[in-house]
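Read through the structure below, which is laid out as structure tokens, and then see the notes.
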Amino acid sequence: MRVPLSWLREFVDVDLAPEDLAARLTLLGMEVKGIERRGTDWANVVVGELLAVEKHPNADRLSLTRVNMGSGEPLEIVCGATNIAVGQRVPVALPGAVLPGNRRIERTEKMGVVSNGMLCSGDELGLNADADGILILAPETPLGAKLADLYGDVVLDVDVKPNRGDALSILGIAREVAALTGGTVRMPAIEVADTGEPIEGRLTVRVDDERLCPRFVGRWVDGVTVRPSPDWVQMRLLAAGIRPISNVVDASNYVMVELGKPIHTFDAAAVARDGSGRAGIVVRPAAAGERLETLDHVDRALDPEALLIADANGPLGIAGVMGGAASEVSNATPAVIVESAIFDPVSIRRTAFRFALRSEASLRFEKGQEFRLARVGADRTAQLILAWAGGSVARGAVDTHPEEPTPRRVAFRPARVDRLLGTSLGVDAQRAVLERVGIETEVSAGPIGVAIAAGPTPESVPAGAGHAVLATIPTWRRDIEIEADLAEEIARIHGYEEVPPRRPSTQMPAWRETPLAARDALRGALAGAGLTEVVSYALVSARMIEAFAWTVDDRPAAGEAAREGAPVTVTNPLSMDHSILRQSLVGSLVEVVDTNARHGQTDLAIFEVGKGYGRVGDDSREWWRLGLAFAGAMEPPAWNRPRREADIEDAKGAIELVAGLLGSGVPKYTPLGDEPILHPGRSASVESRFADGSLAIAGVVGELHPRLAEAWDLRAHRVVVAELSVAGLAGGSLTPERSVPLPRFQPIERDLTVDVPDRVAAAAVTDAVSAAGGSALEDTTLVGTYRGHPLGPDERSLTFRLRFGAPDRAVGEAEIDAAIGTISDALRENIGARIRS
Amino acid sequence: MELAQLTQDLETLAAETATALAGAPDVASLDALEVDVLGKKGRLTGVLRGIGALPVDDRPKVGAVANRVRAGIEAEIAERRAVLGSAELDARLAAETIDVTMPGRPFRHGSLHPSIESMFEIARIFGQFGFVVHESPEIEDDLTNFQDLNIPPDHPARDLWDTLYVDIPGHLLRTHTSPGQLHVMRTMQPPIRALLPGRCFRYEAIDASHGSEFFQVEGIMVDEGTTMGDLRGLLDEFAHAMFGAGKRTRFRPGYYPFTEPSVAFDVECLVCGGPGCPACGRSGWMTILGAGMIHPVVLRRGGLDPERYQGFAFGMGPERISMLRHRITDLRLFLENDVRFLGQFR
Ligand SMILES: [Zn+2]
């Protein structure tokens, strides 16, 4: 809500500087988002009168004007606009003026003629968007006056909250100002000289459904002259952010800004007459198949959801949303019908959304209107039309519901209010505070019900005699319905800053495990290991969903949710790039790798802890996963070391780090081979189990398939990815490490080198060694591999370091020799390995 | 063998050894000399072999001389070893000198995402005040995201949350973490102090201060006597923990359908500290969160008796907190995942 201070001052005294007023309104809940000073850019702009408008001697498109500034010699000014004529008063920027946009005006030569300034358009002054012509001022505008003195203003931009539709008006803001200054609100004198024929002979109104239109007040003005409004009206509307149109339309908009009452005006000639020659207006839902060309010249198909203002021939306008083009007030309009109605807020809101026609008017209707305003607004509009467009106002008004409702009464318990706020105001102070916003109160003499909930599930509790105060709510405050609303009003007017802060001293709840513990530890470990945490969009494109859909079976870790169901699609996406909830993290991570590569950042080690989403029937599913991606150099080159490319071993290292953190077993890798997302020869499924056999980590790791990399136009040469279900991501903490006693006897290490065909996986050899090694074999670690002479072309040798030991004795050489013999025999027999000595 | 001859041999050995010691070029030759003279099969032992031929009375005399000679040689060797050893060490150290001004071998440094870090930091701070973390789904139903939070269908307040709907009937992507209030009230019994962090979604075009996906942290505290004063007191402590002790704060009316009274909570501008600057819209204040006393309707829908229980809720954007703390000016950076940005948060 834009509030010109000049306008506000008509309603209430304001002695505060704009900044102070803004700060105090903000503390009152009317947050001032900005302060605009109109006219500070008009320092050397004054009102001049055109004495002559002649063709420029050297340029066809320019005019040479002589301008009377009221005093001194007339000035010669060159002008390019075509809307000027002798006798008009116009804004003149004199040499030295600095217009909006830091535009300096100097005495300059234009095509051989000296121009002593510039005639200004509304656009050049920052007044409006009209850049085509010079701003023509009213003939009575004082010559030589500074434009800033005439039309300069300070405008507050107030963020009115959705529950305070009443404050979407100068009047409403004035009431707030009065509440904080103790001032009095001055209403304009709303008196219509309705001296014309009785309106009963001119207009009938029928409302088909009172729930959708509880009140319709019609006024009629004959013999109007439709032309631009007085300058001051236009300036005021412009300051309030409303484009002036004509005196009649401006009158309705003026009332909307001033009182918060949207008004519509019709060309009375466009409304069908009944047998008695009366214009007949019907308020009814649209019938299926009806159409209407609205004011914006769009032909719209209507449906029964839309409420219409209609006549016998069909729709005239969409109620509360937009009028029809055919009944628009124009220069030829002889008589005007003023429509000031109350509509069902929900109906208006739905219709405005449906036609994407949310306007200043519909916004106010949606929030609900003070019932009284229907009549007040109609009268005020008729009064202003009469003043600005002449004619005569038909006597009286058509009013479908002339009885004004009684003000709502809401009870509250002052003790309860103090208990909620943590204050000790007491009855009298609370009543005095409410008085300042026009809420009359009386202590309830008898038992009374106190409303504590409204809306679809109202609730009220009994209060004994003398314990409750009955508040009479002004009719414009539709937001105050229950006790808590009054508590807020009391706190607001008393001042939130006056609520004494107190550190909570109530009972502490029982300890409860945080679901973030494992996630946090894992993030810390991975970041510590040199990985960068990323957070990518959960909403991705259909293309990504398709390209990165895992075909490999999902195995959730212990306590984690499974990946399941169809993708969940957004039905009203902002963009197709973010329209479906992802089911895996790899696609997002690959995209992060790629966008960084496009910034020149090619060496990446990243991780994300994020969710996948699915739909099973009408239920949703969400599951946590850890994603990893590596690209470029894991160790960028330095003077003291060569570049080392990231590869799958880095991803495995990170997975092994996580396993260590969880206290689960060494991860096992099994060749995957048939997952289209991954390189068939460089991908594995991963699992690591807790001591009890449950899954600690389960997922896949591998190089991105080159075809996928190509399809996504990846800059990165190779990308290694992993996606894992990890126990604890969804919640729960890490199991404490179980300490084992340090060995009392020094373990003994032996190396064993085994030649095997390539088709034998290292993991199989390791498993065979472990299985045959006996109880004294504590650990088997692969420490080296070798290819080449004297091995065959499809062979490699693997060197394992075997650690022998026992907690309670020294293991002897003979025992070790025997164990290695057993291992060697097993490897020869079961795997076809050759053992080197 | 005579006593005199033997004594003479010992003195000769001592003299020769002294000469040899003086000429020993390094510790290794010194070691060899030591073995040669003092070793088990060394020259001293050789000389003393003659002792058996002496009369019993003379033996202790030779023994005394031998001991003196041995001690003398040992002392000389030790002395010489110290000199030679130190010179050798000096030479080695000189030879091993490197250019210590060269840079080190770089470790990879990882980083934690500022949105998540900020969220977890908020959780850590409120954890100190006894708040436990609770998470709830991101795909919500309209009932929990709106209606049970006192936001009926077609309510004008819905304008505050432009919503993304999904193809599951009646469901949407949660627009705020506030539905978590209901989940908490339905699963925990007062006294309740809970914190609800998580991802939220809005139908909102992405710009420097708006995003379609972002995080939020909701807090809720309910019991029989929790007041608006408690809310102010707690938020003051939070502001001090997050932005620095002594930072001024401001408590002013806000609007949420699910709180009554509703609160907006400001902290003094972290850039200008009060006088006003472009960063704070010249107001001197920065809004960091919204809050309020939980609406009786919401308490009731959460299964609590609004006449018995009362409490507050607050909600904040970890990205906004992070922007204020780290002077980040563009929200888009949080989801662009440019490692040049992310790498700044080590
Ligand atoms: Zn500032």
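By convention in this document, the chains of the structure tokens carry letters A, B, ... by their order, each chain's residues are numbered from 1, and ligands are numbered from 1 in the order they are shown.
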
| said: ligand 1: which residues are within 6 Å, counting only C-alpha atoms and all ligand atoms? Reply as number ranges by chain. | reply: B: 269, 271-272, 274, 276-277, 279-280, 282, 284

Store the residues picked out above, limited to N, CA, C and O atoms, as a short mmCIF file (atom, residue, chain, number, x, y, z; two decimals), in the first residue's frame.
data_model
loop_
_atom_site.label_atom_id
_atom_site.label_comp_id
_atom_site.auth_asym_id
_atom_site.auth_seq_id
_atom_site.Cartn_x
_atom_site.Cartn_y
_atom_site.Cartn_z
N CYS B 269 21.45 -3.97 12.43
CA CYS B 269 22.13 -4.21 11.15
C CYS B 269 23.58 -4.62 11.42
O CYS B 269 24.31 -3.92 12.11
N VAL B 271 25.85 -4.71 9.30
CA VAL B 271 26.78 -3.95 8.47
C VAL B 271 27.03 -2.57 9.10
O VAL B 271 28.17 -2.20 9.35
N CYS B 272 25.96 -1.84 9.40
CA CYS B 272 26.14 -0.47 9.89
C CYS B 272 25.95 -0.37 11.40
O CYS B 272 26.31 0.64 12.00
N GLY B 274 23.32 0.16 13.05
CA GLY B 274 22.21 0.97 13.54
C GLY B 274 21.84 2.21 12.76
O GLY B 274 20.66 2.46 12.55
N GLY B 276 21.76 2.95 9.76
CA GLY B 276 21.06 2.74 8.50
C GLY B 276 22.02 2.76 7.34
O GLY B 276 22.92 3.61 7.27
N CYS B 277 21.85 1.81 6.45
CA CYS B 277 22.72 1.70 5.28
C CYS B 277 21.93 0.95 4.21
O CYS B 277 20.84 0.49 4.47
N ALA B 279 22.31 -1.94 3.07
CA ALA B 279 22.10 -3.36 3.39
C ALA B 279 20.85 -3.58 4.23
O ALA B 279 20.22 -4.62 4.14
N CYS B 280 20.50 -2.60 5.05
CA CYS B 280 19.34 -2.78 5.94
C CYS B 280 18.16 -1.92 5.47
O CYS B 280 17.24 -1.68 6.24
N ARG B 282 18.18 1.11 5.09
CA ARG B 282 18.30 2.34 5.88
C ARG B 282 17.51 2.33 7.17
O ARG B 282 17.27 3.35 7.78
N GLY B 284 18.38 0.31 9.82
CA GLY B 284 19.23 -0.04 10.95
C GLY B 284 18.95 -1.43 11.51
O GLY B 284 19.62 -1.86 12.44
#

| request: Specify as a PyMOL selection string all residues of chain B found within 7 Å of chain A, counting only C-alpha atoms. | output: chain B and resi 105+108-113+130+132-133+139+154+156-157+164-169+191-193+203+213+227-230+232-234+250-255+260-261+296-297+335+337-339

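Near Phe312 in chain B, within a cut-off of 7 Å and counting only C-alpha atoms, sit the residues Ile220, Met221, Val222, Leu231, Gly292, Met293 and Ile294 of chain B, with same-chain residues fewer than 3 positions away left out.
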
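For the set A:Ala521, A:Leu25, A:Val221, A:Ala286, the residue with the smallest atom-to-atom gap to Ala167 in chain A is A:Leu25, counting only C-alpha atoms.
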
| message | Excluding Leu324 in chain B and its own-chain neighbours fewer than 3 positions away, which residues fall within 9 Å of it when counting only C-alpha atoms? Please give them as a PyMOL selection string. | response | chain B and resi 243+269-271+286+288+319-321+327-329

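Note that the spacing between CA of Leu51 in chain A and CA of Glu109 in chain A amounts to 20.5 Å.
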
| How would you write, as a ChimeraX atom specification, the set of residues in range 90-210 of chain B that DSSP gives as helix (DSSP H, G or I)? | /B:90-95,114-128,142-145,147-149,156-160,179-187

Asp231 in chain A: which residues within 10 Å, counting only C-alpha atoms, same-chain residues fewer than 6 positions away excluded, as a PDB file with N, CA, C and O atoms, in the first residue's frame?
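Generated output (around-v2.pdb):
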ATOM      1  N   ILE A 136       0.792  18.072 -19.792  1.00  0.00           N
ATOM      2  CA  ILE A 136       0.014  19.307 -19.867  1.00  0.00           C
ATOM      3  C   ILE A 136      -0.664  19.530 -18.520  1.00  0.00           C
ATOM      4  O   ILE A 136      -1.423  18.682 -18.043  1.00  0.00           O
ATOM      5  N   LEU A 137      -0.359  20.659 -17.904  1.00  0.00           N
ATOM      6  CA  LEU A 137      -0.909  20.949 -16.581  1.00  0.00           C
ATOM      7  C   LEU A 137      -2.222  21.698 -16.707  1.00  0.00           C
ATOM      8  O   LEU A 137      -2.550  22.241 -17.766  1.00  0.00           O
ATOM      9  N   ALA A 138      -2.975  21.738 -15.609  1.00  0.00           N
ATOM     10  CA  ALA A 138      -4.257  22.438 -15.622  1.00  0.00           C
ATOM     11  C   ALA A 138      -4.032  23.938 -15.871  1.00  0.00           C
ATOM     12  O   ALA A 138      -3.012  24.484 -15.457  1.00  0.00           O
ATOM     13  N   PRO A 139      -4.992  24.584 -16.547  1.00  0.00           N
ATOM     14  CA  PRO A 139      -4.820  26.004 -16.892  1.00  0.00           C
ATOM     15  C   PRO A 139      -4.659  26.886 -15.655  1.00  0.00           C
ATOM     16  O   PRO A 139      -4.008  27.926 -15.719  1.00  0.00           O
ATOM     17  N   GLU A 140      -5.223  26.436 -14.514  1.00  0.00           N
ATOM     18  CA  GLU A 140      -5.148  27.280 -13.317  1.00  0.00           C
ATOM     19  C   GLU A 140      -3.863  27.064 -12.532  1.00  0.00           C
ATOM     20  O   GLU A 140      -3.658  27.684 -11.491  1.00  0.00           O
ATOM     21  N   THR A 141      -2.976  26.163 -13.026  1.00  0.00           N
ATOM     22  CA  THR A 141      -1.719  25.936 -12.300  1.00  0.00           C
ATOM     23  C   THR A 141      -0.928  27.241 -12.259  1.00  0.00           C
ATOM     24  O   THR A 141      -0.735  27.880 -13.290  1.00  0.00           O
ATOM     25  N   TYR A 151       3.437  19.483  -6.413  1.00  0.00           N
ATOM     26  CA  TYR A 151       3.131  18.049  -6.470  1.00  0.00           C
ATOM     27  C   TYR A 151       4.187  17.148  -5.828  1.00  0.00           C
ATOM     28  O   TYR A 151       4.109  15.938  -5.939  1.00  0.00           O
ATOM     29  N   LEU A 237      -3.206  10.163  -7.369  1.00  0.00           N
ATOM     30  CA  LEU A 237      -3.351   8.763  -7.766  1.00  0.00           C
ATOM     31  C   LEU A 237      -2.002   8.201  -8.206  1.00  0.00           C
ATOM     32  O   LEU A 237      -1.641   7.077  -7.857  1.00  0.00           O
ATOM     33  N   PRO A 244      -3.992   7.369 -13.679  1.00  0.00           N
ATOM     34  CA  PRO A 244      -5.231   8.118 -13.933  1.00  0.00           C
ATOM     35  C   PRO A 244      -5.798   7.734 -15.301  1.00  0.00           C
ATOM     36  O   PRO A 244      -5.045   7.502 -16.233  1.00  0.00           O
TER      37      PRO A 244
END

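Note that CA of Ile823 in chain A and CA of Asp808 in chain A are 23.1 Å apart.
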
| task | One decimal, Å: what's the distance from CA of Leu522 in chain A over to CA of Glu560 in chain A, could you say? | result | 15.4 Å

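Distance annotation: of B:Ala241, B:Leu21, B:Leu195, B:Met185, the residue with the minimal separation from Ile125 in chain B is B:Ala241; atom set is only C-alpha atoms.
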
| field | Within 12 Å of range 443-449 of chain A using only C-alpha atoms, minus same-chain residues under 4 positions, as a ChimeraX atom specification | value | /A:409-414,427-428,430-431,453,458-472,482-483
